[in-house]
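Enquirer: Structure supplied as coords-v5.csv; contents: CSV, C-alpha atoms and all ligand atoms.
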```
chain,number,residue,atom,x,y,z
A,16,MET,CA,0.0,0.0,0.0
A,17,ALA,CA,1.3,3.4,-0.9
A,18,ARG,CA,2.3,5.7,2.0
A,19,LYS,CA,-0.2,8.3,3.1
A,20,LYS,CA,0.5,11.9,1.9
A,21,ILE,CA,0.4,14.7,4.4
A,22,ALA,CA,0.6,18.3,3.2
A,23,LEU,CA,1.7,21.0,5.6
A,24,ILE,CA,0.5,24.4,4.5
A,25,GLY,CA,2.9,26.8,6.2
A,26,SER,CA,6.5,25.7,6.9
A,27,GLY,CA,7.4,28.0,9.8
A,28,MET,CA,8.1,26.9,13.3
A,29,ILE,CA,5.0,24.7,13.7
A,30,GLY,CA,5.2,23.4,10.2
A,31,GLY,CA,8.8,22.2,10.6
A,32,THR,CA,8.0,20.6,13.9
A,33,LEU,CA,5.0,18.8,12.4
A,34,ALA,CA,7.2,17.4,9.6
A,35,HIS,CA,9.7,16.1,12.1
A,36,LEU,CA,7.0,14.4,14.2
A,37,ILE,CA,5.3,12.9,11.2
A,38,GLY,CA,8.6,11.5,10.0
A,39,LEU,CA,9.6,10.1,13.4
A,40,LYS,CA,6.1,8.5,13.7
A,41,GLU,CA,6.2,7.2,10.1
A,42,LEU,CA,2.7,8.5,9.4
A,43,GLY,CA,3.4,9.1,5.7
A,44,ASP,CA,5.2,11.2,3.2
A,45,VAL,CA,5.3,14.9,3.9
A,46,VAL,CA,5.0,17.8,1.5
A,47,LEU,CA,5.9,21.2,3.1
A,48,PHE,CA,4.3,24.2,1.3
A,49,ASP,CA,5.1,27.8,1.9
A,50,ILE,CA,5.0,31.1,0.0
A,51,ALA,CA,8.6,31.7,1.2
A,52,GLU,CA,11.0,30.3,-1.4
A,53,GLY,CA,13.6,27.8,-0.2
A,54,ILE,CA,12.2,27.4,3.3
A,55,PRO,CA,10.0,24.4,2.7
A,56,GLN,CA,12.7,22.8,0.4
A,57,GLY,CA,15.4,23.4,3.0
A,58,LYS,CA,13.4,22.1,5.9
A,59,GLY,CA,12.3,19.1,3.9
A,60,LEU,CA,15.9,18.2,2.9
A,61,ASP,CA,17.3,18.8,6.4
A,62,LEU,CA,14.6,16.5,7.8
A,63,ALA,CA,15.0,13.9,5.1
A,64,GLU,CA,18.7,13.8,6.0
A,65,SER,CA,17.8,13.0,9.6
A,66,SER,CA,15.9,9.9,8.5
A,67,PRO,CA,18.8,7.5,8.1
A,68,VAL,CA,20.0,8.3,11.6
A,69,GLU,CA,16.5,8.1,13.1
A,70,GLY,CA,15.6,5.1,10.9
A,71,PHE,CA,12.3,6.3,9.4
A,72,ASP,CA,11.3,5.9,5.8
A,73,ALA,CA,9.4,8.9,4.4
A,74,ARG,CA,9.7,11.4,1.6
A,75,LEU,CA,10.0,14.9,2.8
A,76,THR,CA,9.8,17.6,0.1
A,77,GLY,CA,9.2,21.3,-0.1
A,78,VAL,CA,7.1,23.2,-2.7
A,79,ASN,CA,5.9,26.7,-3.4
A,80,ASP,CA,3.1,25.6,-5.7
A,81,TYR,CA,-0.2,24.2,-4.5
A,82,ALA,CA,0.1,21.5,-7.3
A,83,GLY,CA,2.6,19.8,-5.0
A,84,ILE,CA,-0.1,19.0,-2.4
A,85,GLU,CA,-2.2,17.1,-5.0
A,86,GLY,CA,-4.0,14.1,-3.6
A,87,ALA,CA,-3.0,14.8,0.0
A,88,ASP,CA,-4.8,12.6,2.6
A,89,VAL,CA,-4.3,15.2,5.4
A,90,CYS,CA,-3.5,18.9,5.3
A,91,ILE,CA,-2.4,20.7,8.4
A,92,VAL,CA,-2.6,24.5,8.0
A,93,THR,CA,-0.3,26.9,9.9
A,94,ALA,CA,0.0,29.5,7.1
A,95,GLY,CA,-0.4,33.0,8.3
A,96,VAL,CA,1.3,35.7,10.3
A,97,PRO,CA,1.5,36.0,14.1
A,98,ARG,CA,0.3,39.1,15.8
A,99,LYS,CA,3.1,41.7,16.0
A,100,PRO,CA,3.4,44.7,18.3
A,101,GLY,CA,1.2,47.5,17.1
A,102,MET,CA,-1.1,45.1,15.2
A,103,SER,CA,-4.7,45.0,16.3
A,104,ARG,CA,-6.7,41.8,16.5
A,105,ASP,CA,-8.7,43.0,13.5
A,106,ASP,CA,-5.5,43.7,11.5
A,107,LEU,CA,-4.4,40.1,12.2
A,108,LEU,CA,-7.9,38.8,11.4
A,109,GLY,CA,-7.9,40.6,8.0
A,110,ILE,CA,-4.4,39.3,7.0
A,111,ASN,CA,-5.0,35.7,8.0
A,112,LEU,CA,-8.4,35.7,6.5
A,113,LYS,CA,-6.8,36.4,3.1
A,114,VAL,CA,-4.3,33.6,3.7
A,115,MET,CA,-7.2,31.2,4.5
A,116,GLU,CA,-8.9,32.2,1.2
A,117,GLN,CA,-5.7,31.2,-0.7
A,118,VAL,CA,-5.2,28.1,1.3
A,119,GLY,CA,-8.9,27.1,0.9
A,120,ALA,CA,-8.6,27.5,-2.9
A,121,GLY,CA,-5.5,25.4,-3.0
A,122,ILE,CA,-7.0,22.6,-1.0
A,123,ARG,CA,-10.3,22.7,-2.9
A,124,LYS,CA,-8.4,22.3,-6.2
A,125,TYR,CA,-5.7,19.8,-5.2
A,126,ALA,CA,-6.8,18.0,-2.1
A,127,PRO,CA,-10.6,17.9,-1.9
A,128,ASN,CA,-10.6,14.5,-0.2
A,129,ALA,CA,-8.3,15.5,2.6
A,130,PHE,CA,-8.9,15.7,6.3
A,131,VAL,CA,-7.9,19.3,7.2
A,132,VAL,CA,-6.6,20.5,10.6
A,133,CYS,CA,-6.3,24.2,11.0
A,134,ILE,CA,-3.9,25.8,13.5
A,135,THR,CA,-3.7,29.4,12.3
A,136,ASN,CA,-5.0,32.0,14.7
A,137,PRO,CA,-7.5,33.4,15.6
A,138,LEU,CA,-8.3,29.7,15.5
A,139,ASP,CA,-12.0,29.3,15.7
A,140,ALA,CA,-12.7,32.0,13.2
A,141,MET,CA,-10.0,30.9,10.8
A,142,VAL,CA,-11.1,27.3,10.7
A,143,TRP,CA,-14.7,28.5,10.1
A,144,ALA,CA,-13.5,30.6,7.2
A,145,LEU,CA,-11.3,27.9,5.8
A,146,GLN,CA,-14.1,25.4,5.7
A,147,LYS,CA,-16.2,27.9,3.7
A,148,PHE,CA,-13.4,28.9,1.4
A,149,SER,CA,-12.4,25.3,0.7
A,150,GLY,CA,-15.9,23.9,0.4
A,151,LEU,CA,-14.8,20.6,2.0
A,152,PRO,CA,-17.3,18.7,4.2
A,153,LYS,CA,-17.6,20.1,7.7
A,154,SER,CA,-16.7,16.7,9.0
A,155,HIS,CA,-13.3,17.0,7.3
A,156,VAL,CA,-12.3,20.5,8.5
A,157,VAL,CA,-11.4,20.9,12.2
A,158,GLY,CA,-9.4,23.3,14.3
A,159,MET,CA,-6.6,22.4,16.7
A,160,ALA,CA,-6.9,24.1,20.1
A,161,GLY,CA,-8.6,21.9,22.6
A,162,VAL,CA,-5.9,19.2,22.5
A,163,LEU,CA,-3.2,21.8,23.2
A,164,ASP,CA,-5.1,23.6,25.9
A,165,SER,CA,-6.0,20.3,27.5
A,166,ALA,CA,-2.4,19.1,27.3
A,167,ARG,CA,-1.3,22.3,29.1
A,168,PHE,CA,-4.0,21.7,31.8
A,169,ARG,CA,-2.9,18.0,32.1
A,170,TYR,CA,0.8,19.0,32.4
A,171,PHE,CA,0.1,21.5,35.2
A,172,LEU,CA,-2.1,19.0,37.0
A,173,ALA,CA,0.5,16.2,36.8
A,174,GLU,CA,3.1,18.6,38.2
A,175,GLU,CA,0.8,19.6,41.1
A,176,PHE,CA,-0.2,16.0,42.0
A,177,LYS,CA,3.3,14.5,41.2
A,178,VAL,CA,1.8,11.8,39.1
A,179,SER,CA,2.4,10.7,35.5
A,180,VAL,CA,1.0,12.9,32.8
A,181,GLU,CA,-0.4,9.6,31.3
A,182,ASP,CA,-2.8,9.3,34.2
A,183,VAL,CA,-4.2,12.8,34.0
A,184,SER,CA,-7.1,13.3,31.7
A,185,ALA,CA,-8.5,16.7,31.1
A,186,MET,CA,-10.8,18.5,28.8
A,187,THR,CA,-10.8,22.2,27.8
A,188,LEU,CA,-13.7,23.3,25.7
A,189,GLY,CA,-15.0,26.6,24.1
A,190,GLY,CA,-13.0,29.0,21.9
A,191,HIS,CA,-9.2,29.2,21.8
A,192,GLY,CA,-8.7,32.3,23.9
A,193,ASP,CA,-8.9,33.7,27.4
A,194,ASP,CA,-12.5,32.6,27.5
A,195,MET,CA,-11.8,28.9,27.0
A,196,VAL,CA,-13.6,26.6,29.4
A,197,PRO,CA,-11.3,24.1,31.3
A,198,MET,CA,-13.8,21.4,32.4
A,199,VAL,CA,-12.8,20.8,36.0
A,200,ARG,CA,-15.6,18.3,36.7
A,201,TYR,CA,-14.7,16.2,33.7
A,202,SER,CA,-10.9,16.2,34.4
A,203,THR,CA,-9.5,13.3,36.3
A,204,VAL,CA,-6.5,11.5,37.7
A,205,ALA,CA,-7.0,7.8,36.9
A,206,GLY,CA,-10.7,8.4,36.8
A,207,ILE,CA,-11.0,10.5,40.0
A,208,PRO,CA,-12.5,13.9,39.2
A,209,LEU,CA,-10.7,17.0,40.3
A,210,PRO,CA,-13.4,18.2,42.8
A,211,ASP,CA,-13.0,14.8,44.6
A,212,LEU,CA,-9.2,15.3,44.7
A,213,VAL,CA,-9.7,18.6,46.4
A,214,LYS,CA,-11.9,16.9,49.0
A,215,MET,CA,-9.3,14.3,49.4
A,216,GLY,CA,-6.7,17.0,50.2
A,217,TRP,CA,-4.5,16.4,47.1
A,218,THR,CA,-4.7,20.1,46.4
A,219,SER,CA,-6.6,23.2,47.5
A,220,GLN,CA,-9.4,24.9,45.6
A,221,GLU,CA,-7.1,28.0,45.3
A,222,LYS,CA,-4.3,26.0,43.7
A,223,LEU,CA,-6.8,24.4,41.3
A,224,ASP,CA,-8.2,27.8,40.4
A,225,ALA,CA,-4.6,29.1,39.7
A,226,ILE,CA,-4.0,26.1,37.4
A,227,VAL,CA,-7.1,26.8,35.5
A,228,GLU,CA,-6.1,30.4,35.1
A,229,ARG,CA,-2.6,29.4,34.0
A,230,THR,CA,-4.1,27.1,31.4
A,231,ARG,CA,-6.2,29.9,30.0
A,232,LYS,CA,-3.1,32.1,29.6
A,233,GLY,CA,-0.9,29.2,28.5
A,234,GLY,CA,-0.2,30.6,25.0
A,235,GLY,CA,0.7,34.0,26.4
A,236,GLU,CA,3.1,32.5,29.0
A,237,ILE,CA,5.2,30.9,26.2
A,238,VAL,CA,5.1,34.1,24.1
A,239,ALA,CA,6.4,36.1,27.1
A,240,LEU,CA,9.3,33.7,27.5
A,241,LEU,CA,10.2,33.3,23.9
A,242,LYS,CA,9.8,37.0,23.1
A,243,THR,CA,10.2,36.4,19.3
A,244,GLY,CA,7.5,33.9,18.6
A,245,SER,CA,4.8,31.6,19.9
A,246,ALA,CA,4.6,28.0,21.0
A,247,TYR,CA,5.3,25.3,18.4
A,248,TYR,CA,6.3,22.0,20.0
A,249,ALA,CA,3.1,21.3,21.9
A,250,PRO,CA,0.8,22.8,19.1
A,251,ALA,CA,2.5,20.4,16.6
A,252,SER,CA,2.2,17.4,18.9
A,253,SER,CA,-1.5,18.2,19.3
A,254,ALA,CA,-2.3,18.5,15.6
A,255,VAL,CA,-0.4,15.3,14.9
A,256,ALA,CA,-2.5,13.4,17.5
A,257,MET,CA,-5.6,14.5,15.5
A,258,ALA,CA,-4.1,13.6,12.2
A,259,GLU,CA,-3.0,10.2,13.5
A,260,SER,CA,-6.5,9.4,14.8
A,261,TYR,CA,-7.9,10.1,11.4
A,262,LEU,CA,-5.2,8.2,9.4
A,263,LYS,CA,-5.3,5.1,11.7
A,264,ASP,CA,-9.1,5.3,12.3
A,265,LYS,CA,-8.3,5.3,16.0
A,266,LYS,CA,-11.6,7.0,16.9
A,267,ARG,CA,-10.0,9.0,19.7
A,268,VAL,CA,-12.1,11.3,21.8
A,269,LEU,CA,-10.4,14.7,21.5
A,270,PRO,CA,-11.5,18.3,22.1
A,271,CYS,CA,-11.4,20.0,18.8
A,272,ALA,CA,-12.9,23.1,17.2
A,273,ALA,CA,-15.7,21.4,15.3
A,274,HIS,CA,-18.6,22.8,13.3
A,275,LEU,CA,-21.7,23.0,15.4
A,276,SER,CA,-25.1,23.0,13.6
A,277,GLY,CA,-27.4,23.1,16.6
A,278,GLN,CA,-25.4,21.0,19.1
A,279,TYR,CA,-25.1,22.8,22.4
A,280,GLY,CA,-27.7,25.2,21.0
A,281,VAL,CA,-25.1,26.8,18.7
A,282,LYS,CA,-25.4,27.2,14.9
A,283,ASP,CA,-22.9,27.6,12.1
A,284,THR,CA,-20.0,28.2,14.5
A,285,TYR,CA,-16.7,26.4,15.0
A,286,VAL,CA,-15.9,26.0,18.7
A,287,GLY,CA,-14.1,23.5,20.9
A,288,VAL,CA,-16.2,20.5,21.9
A,289,PRO,CA,-15.3,16.8,22.4
A,290,VAL,CA,-15.4,14.9,19.1
A,291,VAL,CA,-14.6,11.4,17.9
A,292,ILE,CA,-12.0,11.5,15.1
A,293,GLY,CA,-11.8,8.4,12.8
A,294,ALA,CA,-11.6,7.5,9.2
A,295,GLY,CA,-14.8,9.4,8.6
A,296,GLY,CA,-13.2,12.6,10.0
A,297,VAL,CA,-15.3,14.1,12.8
A,298,GLU,CA,-17.6,11.0,13.3
A,299,ARG,CA,-19.4,12.3,16.3
A,300,ILE,CA,-19.9,15.4,18.3
A,301,ILE,CA,-20.3,14.6,22.0
A,302,GLU,CA,-22.8,16.8,23.9
A,303,ILE,CA,-22.0,16.7,27.5
A,304,ASP,CA,-24.1,18.2,30.3
A,305,PHE,CA,-22.9,21.5,31.6
A,306,ASN,CA,-23.8,22.9,35.0
A,307,LYS,CA,-25.0,26.5,35.2
A,308,ALA,CA,-21.5,28.0,35.7
A,309,GLU,CA,-20.0,25.9,32.8
A,310,GLN,CA,-22.9,26.8,30.5
A,311,LYS,CA,-22.4,30.5,31.3
A,312,MET,CA,-18.6,30.2,30.5
A,313,PHE,CA,-19.3,28.3,27.3
A,314,GLU,CA,-21.8,30.8,26.1
A,315,LYS,CA,-19.4,33.7,26.8
A,316,SER,CA,-16.7,31.9,24.8
A,317,VAL,CA,-19.1,31.2,21.9
A,318,GLU,CA,-20.0,34.9,21.9
A,319,ALA,CA,-16.4,35.8,21.6
A,320,VAL,CA,-15.9,33.4,18.7
A,321,GLN,CA,-19.1,34.7,17.0
A,322,SER,CA,-17.9,38.3,17.2
A,323,LEU,CA,-14.8,37.2,15.3
A,324,THR,CA,-16.7,35.4,12.6
A,325,ALA,CA,-18.9,38.5,12.3
A,326,ALA,CA,-15.8,40.5,11.8
A,327,CYS,CA,-14.7,38.0,9.1
A,328,VAL,CA,-18.1,38.5,7.3
A,329,ASN,CA,-17.5,42.3,7.4
A,330,ILE,CA,-14.2,41.8,5.5
A,331,ALA,CA,-15.4,39.0,3.2
A,332,PRO,CA,-19.2,39.2,2.8
A,333,GLN,CA,-19.2,36.0,0.7
A,334,LEU,CA,-18.7,34.1,3.9
A,335,ALA,CA,-22.2,35.0,5.2
A,401,LIG,N1,0.5,30.9,2.2
A,401,LIG,C1,1.3,30.0,2.7
A,401,LIG,N2,2.2,30.2,3.7
A,401,LIG,C2,2.1,31.5,4.2
A,401,LIG,C3,1.3,32.5,3.8
A,401,LIG,C4,0.4,32.2,2.7
A,401,LIG,N3,-0.4,33.1,2.2
A,401,LIG,N4,1.5,33.6,4.5
A,401,LIG,C5,2.5,33.3,5.4
A,401,LIG,N5,2.8,32.0,5.2
A,401,LIG,C6,3.8,31.2,6.0
A,401,LIG,C7,5.0,32.0,6.4
A,401,LIG,O1,5.9,32.2,5.3
A,401,LIG,C8,5.6,31.2,7.5
A,401,LIG,O2,6.6,30.3,7.0
A,401,LIG,O3,3.3,30.7,7.2
A,401,LIG,C9,4.4,30.4,8.0
A,401,LIG,C10,4.0,30.7,9.4
A,401,LIG,O4,5.1,30.2,10.2
A,401,LIG,P1,5.6,31.0,11.6
A,401,LIG,O5,5.5,32.5,11.3
A,401,LIG,O6,6.8,30.4,12.0
A,401,LIG,O7,4.4,30.7,12.6
A,401,LIG,P2,4.2,29.4,13.5
A,401,LIG,O8,4.8,29.6,14.8
A,401,LIG,O9,4.5,28.2,12.7
A,401,LIG,O10,2.6,29.5,13.8
A,401,LIG,C11,1.7,29.5,12.7
A,401,LIG,O11,-0.2,29.0,14.1
A,401,LIG,O12,-0.4,29.1,16.5
A,401,LIG,C12,-0.7,29.7,15.3
A,401,LIG,O13,-0.8,32.0,15.8
A,401,LIG,C13,0.0,31.0,15.2
A,401,LIG,O14,-1.2,31.7,13.2
A,401,LIG,C14,0.1,31.2,13.7
A,401,LIG,C15,0.3,29.8,13.1
```
Would it be possible to restate this file's structure as structure tokens?

Expert:
Amino acid sequence: MARKKIALIGSGMIGGTLAHLIGLKELGDVVLFDIAEGIPQGKGLDLAESSPVEGFDARLTGVNDYAGIEGADVCIVTAGVPRKPGMSRDDLLGINLKVMEQVGAGIRKYAPNAFVVCITNPLDAMVWALQKFSGLPKSHVVGMAGVLDSARFRYFLAEEFKVSVEDVSAMTLGGHGDDMVPMVRYSTVAGIPLPDLVKMGWTSQEKLDAIVERTRKGGGEIVALLKTGSAYYAPASSAVAMAESYLKDKKRVLPCAAHLSGQYGVKDTYVGVPVVIGAGGVERIIEIDFNKAEQKMFEKSVEAVQSLTAACVNIAPQLA
């Protein structure tokens, strides 16, 4: 059987890390795409030259023409610009929206059967626009945010409890921003919910609240440390987990920005909810019960996402 083909649209920091992980995990051949000439080719060759040492077989190539992604089984999109000092949220939205229009056209033409994972920020609005621009089925276009936010939450919890990260399961829902909703009641250590662990004296409510807050600001914490960029290792790992679940039909339950068409009382909006990812793409959207406080937080987060999609429609009325 021929190897799977994975196209990485955007070959910056996350793109390069994605290619490395995909090679190491032998998920398939990789095509790196970018508008910058030489970057995808250089990264592809450098990574290919690591393959004899690491012992993986994959073709890793770089292109500047969308024809190179033809027939891709998976596309992971990081193309765009990060927010720079002096740039407003709307400036960033306008620039990356144009990028999504180009990327959507490229995928529509050359990889219409792909499973597409979007990482470009502002995430929930960009994945919503990318689905519309590409015309691909909603089940096949998802946004990566929840796996990353939940991984940060899991890591902080594992540190607090001094247990293996493997035994901490956590869920972070809603939009990818300060209004995200870390689901304390549904996060556990070996099946024991966090509120029970507080009762058991494993941690205090104050410490747990601080971890939730740190999770919400997890992206900013990395930006403040790096100064010249944003996180790329954990975002790349998170997107690869989603792609792997699709390629191997693992049917993992992962929090992803998925298209809601009435679930949770929300229509035509991409926002983070638990989904099952398998060979059919998003095979199921899981609707969990919220308590009043969670419902309020989720609604606030959805409103923040919808204000961004409304701003997208102002710029590109064809998205309405
Ligand atoms: N088409 C294709 N590639 C593009 C385009 C475009 N129209 N515009 C920019 N790019 C490329 C850039 O040339 C760059 O190589 O996208 C790449 C982005 O890489 P980085 O700037 O290194 O950003 P990265 O850290 O990889 O993050 C990418 O993910 O987390 C989000 O906010 C982050 O939106 C950003 C994205």

Enquirer: Could you pull out the residues sitting within 8 Å of ligand LIG 401 (chain A), using only C-alpha atoms and all ligand atoms, and write them as an mmCIF file with C-alpha atoms, in the frame of the given file?

Expert:
```
data_model
loop_
_atom_site.group_PDB
_atom_site.id
_atom_site.type_symbol
_atom_site.label_atom_id
_atom_site.label_comp_id
_atom_site.auth_asym_id
_atom_site.auth_seq_id
_atom_site.Cartn_x
_atom_site.Cartn_y
_atom_site.Cartn_z
ATOM 1 C CA ILE A 24 0.500 24.400 4.500
ATOM 2 C CA GLY A 25 2.900 26.800 6.200
ATOM 3 C CA SER A 26 6.500 25.700 6.900
ATOM 4 C CA GLY A 27 7.400 28.000 9.800
ATOM 5 C CA MET A 28 8.100 26.900 13.300
ATOM 6 C CA ILE A 29 5.000 24.700 13.700
ATOM 7 C CA GLY A 30 5.200 23.400 10.200
ATOM 8 C CA GLY A 31 8.800 22.200 10.600
ATOM 9 C CA PHE A 48 4.300 24.200 1.300
ATOM 10 C CA ASP A 49 5.100 27.800 1.900
ATOM 11 C CA ILE A 50 5.000 31.100 0.000
ATOM 12 C CA ALA A 51 8.600 31.700 1.200
ATOM 13 C CA ILE A 54 12.200 27.400 3.300
ATOM 14 C CA VAL A 92 -2.600 24.500 8.000
ATOM 15 C CA THR A 93 -0.300 26.900 9.900
ATOM 16 C CA ALA A 94 0.000 29.500 7.100
ATOM 17 C CA GLY A 95 -0.400 33.000 8.300
ATOM 18 C CA VAL A 96 1.300 35.700 10.300
ATOM 19 C CA PRO A 97 1.500 36.000 14.100
ATOM 20 C CA ARG A 98 0.300 39.100 15.800
ATOM 21 C CA ASN A 111 -5.000 35.700 8.000
ATOM 22 C CA LYS A 113 -6.800 36.400 3.100
ATOM 23 C CA VAL A 114 -4.300 33.600 3.700
ATOM 24 C CA MET A 115 -7.200 31.200 4.500
ATOM 25 C CA GLN A 117 -5.700 31.200 -0.700
ATOM 26 C CA VAL A 118 -5.200 28.100 1.300
ATOM 27 C CA ILE A 134 -3.900 25.800 13.500
ATOM 28 C CA THR A 135 -3.700 29.400 12.300
ATOM 29 C CA ASN A 136 -5.000 32.000 14.700
ATOM 30 C CA PRO A 137 -7.500 33.400 15.600
ATOM 31 C CA LEU A 138 -8.300 29.700 15.500
ATOM 32 C CA GLY A 244 7.500 33.900 18.600
ATOM 33 C CA SER A 245 4.800 31.600 19.900
ATOM 34 C CA ALA A 246 4.600 28.000 21.000
ATOM 35 C CA TYR A 247 5.300 25.300 18.400
ATOM 36 C CA PRO A 250 0.800 22.800 19.100
#
```

Enquirer: Which residue out of A:Gly280, A:Pro100, A:Gly77, A:Gly86 has the minimum interatomic distance to A:Pro127 when only C-alpha atoms are used?

Expert: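 Of the candidates, the smallest distance to A:Pro127 is held by A:Gly86.
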
Enquirer: Under the rule of at most 12 Å, produce a per-residue listing of stretch 107-186 of chain A near stretch 259-263 of chain A: chain, number, name, the closest pair of atoms, and the distance in Å, as CSV, using all atoms listed in the file.

Expert:
```
residue,atom,partner,partner_atom,distance
A:Ala129,CA,A:Tyr261,CA,10.3
A:Phe130,CA,A:Tyr261,CA,7.6
A:Val131,CA,A:Tyr261,CA,10.1
A:Val132,CA,A:Tyr261,CA,10.5
A:Ser154,CA,A:Tyr261,CA,11.3
A:His155,CA,A:Tyr261,CA,9.7
A:Val156,CA,A:Tyr261,CA,11.7
A:Val157,CA,A:Tyr261,CA,11.4
```

Enquirer: Pick from A:Gly189, A:Gly293, A:Gly53, A:Gly83: nearest to A:Cys271, with only C-alpha atoms counted?

Expert: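 Looking only at the distances to A:Cys271, the closest residue turns out to be A:Gly189.
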
Enquirer: May I have the residues within 12 Å of A:Lys282 as JSON, numbers by chain, using all atoms listed in the file and disregarding those fewer than 2 positions away in the same chain?

Expert: {"A": [143, 273, 274, 275, 276, 277, 278, 279, 280, 284, 285, 286, 317, 318, 320, 321]}

Enquirer: Go ahead and compute the interatomic distance for atom CA of A:Met198 and atom CA of A:Arg169, in Å to one decimal.

Expert: 11.4 Å

Enquirer: Please determine, counting all atoms listed in the file, which residue among A:Ile21, A:Asn306, A:Ile237, A:Gly119 has the shortest atom-to-atom distance to A:Tyr201.

Expert: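 Selected residue with least distance to A:Tyr201: A:Asn306.
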
Enquirer: Between atom CA of A:Val291 and atom CA of A:Arg267, what is the spacing in Å?

Expert: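 One can read the atom CA of A:Arg267 to atom CA of A:Val291 distance as 5.5 Å.
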
Enquirer: So how many Å separate atom CA of A:Ala205 and atom CA of A:Ser219, to one decimal?

Expert: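 Here the two named atoms are 18.7 Å from each other.
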
Enquirer: Which residues come within 10 Å of A:Asp44, counting only C-alpha atoms, excluding same-chain residues fewer than 3 positions away, as a list in words?

Expert: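 Near A:Asp44, the qualifying residues are Ala17, Arg18, Lys19, Lys20, Ile21, Ala22, Ala34, Ile37, Gly38, Glu41, Asp72, Ala73, Arg74, Leu75, Thr76 and Ala87 of chain A.
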
Enquirer: Which residue out of A:Leu33, A:Glu314, A:Met159, A:Met141 has the minimum interatomic distance to A:Leu107 when only C-alpha atoms are used?

Expert: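 That would be A:Met141, the residue with the smallest distance to A:Leu107.
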
Enquirer: Please provide as a ChimeraX atom specification all residues within 12 Å of A:Gln220, with the sequence filter that same-chain residues fewer than 6 positions apart are discarded (counting all atoms listed in the file).

Expert: /A:199,209-214,226-227

Enquirer: Find the residue from A:Arg104, A:His35, A:Lys99, A:Lys147 that sits nearest to A:Pro332; use all atoms listed in the file when measuring.

Expert: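 Checking each of A:Arg104, A:His35, A:Lys99, A:Lys147 against A:Pro332, counting all atoms listed in the file, the winner is A:Lys147.
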
Enquirer: Write out as a count of residues only which residues come within 9 Å of A:Asp193 when counting only C-alpha atoms, dropping same-chain ones fewer than 3 positions away.

Expert: 6

Enquirer: List as a list in words the protein and nucleic acid residues near A:Arg229, meaning an atom at most 12 Å away when all atoms listed in the file are counted, but skip any in the same chain fewer than 2 places from it.

Expert: Asp164, Ser165, Arg167, Phe168, Arg169, Tyr170, Phe171, Leu172, Asp193, Met195, Pro197, Lys222, Leu223, Asp224, Ala225, Ile226, Val227, Arg231, Lys232, Gly233, Gly234, Gly235, Glu236 and Ile237 of chain A

Enquirer: With distances taken over only C-alpha atoms, which of A:Arg123, A:Lys58, A:Lys242, A:Lys177 is nearest to A:Pro152?

Expert: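 Of the candidates, the smallest distance to A:Pro152 is held by A:Arg123.
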
Enquirer: Complete the atom set of stretch 243-254 of chain A to N, CA and C atoms and return it as a compact mmCIF listing (two decimals), keeping the file's coordinate frame.

Expert:
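Printed below is out_21.txt as written:
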```txt
# COMPACT_ATOMS: atom_id res chain seq x y z
N THR A 243 10.20 36.19 20.77
CA THR A 243 10.20 36.40 19.30
C THR A 243 9.25 35.46 18.58
N GLY A 244 8.40 34.77 19.29
CA GLY A 244 7.50 33.90 18.60
C GLY A 244 6.54 33.23 19.57
N SER A 245 5.76 32.27 19.06
CA SER A 245 4.80 31.60 19.90
C SER A 245 5.12 30.11 19.99
N ALA A 246 4.35 29.39 20.80
CA ALA A 246 4.60 28.00 21.00
C ALA A 246 4.58 27.17 19.72
N TYR A 247 5.43 26.16 19.63
CA TYR A 247 5.30 25.30 18.40
C TYR A 247 5.47 23.82 18.73
N TYR A 248 6.19 23.41 19.77
CA TYR A 248 6.30 22.00 20.00
C TYR A 248 4.95 21.36 20.41
N ALA A 249 4.33 21.91 21.44
CA ALA A 249 3.10 21.30 21.90
C ALA A 249 1.93 21.51 20.87
N PRO A 250 1.86 22.66 20.17
CA PRO A 250 0.80 22.80 19.10
C PRO A 250 1.03 21.68 18.03
N ALA A 251 2.29 21.44 17.64
CA ALA A 251 2.50 20.40 16.60
C ALA A 251 2.14 19.04 17.09
N SER A 252 2.53 18.69 18.32
CA SER A 252 2.20 17.40 18.90
C SER A 252 0.65 17.21 18.86
N SER A 253 -0.05 18.26 19.22
CA SER A 253 -1.50 18.20 19.30
C SER A 253 -2.16 17.95 17.98
N ALA A 254 -1.69 18.65 16.96
CA ALA A 254 -2.30 18.50 15.60
C ALA A 254 -1.95 17.09 15.07
```
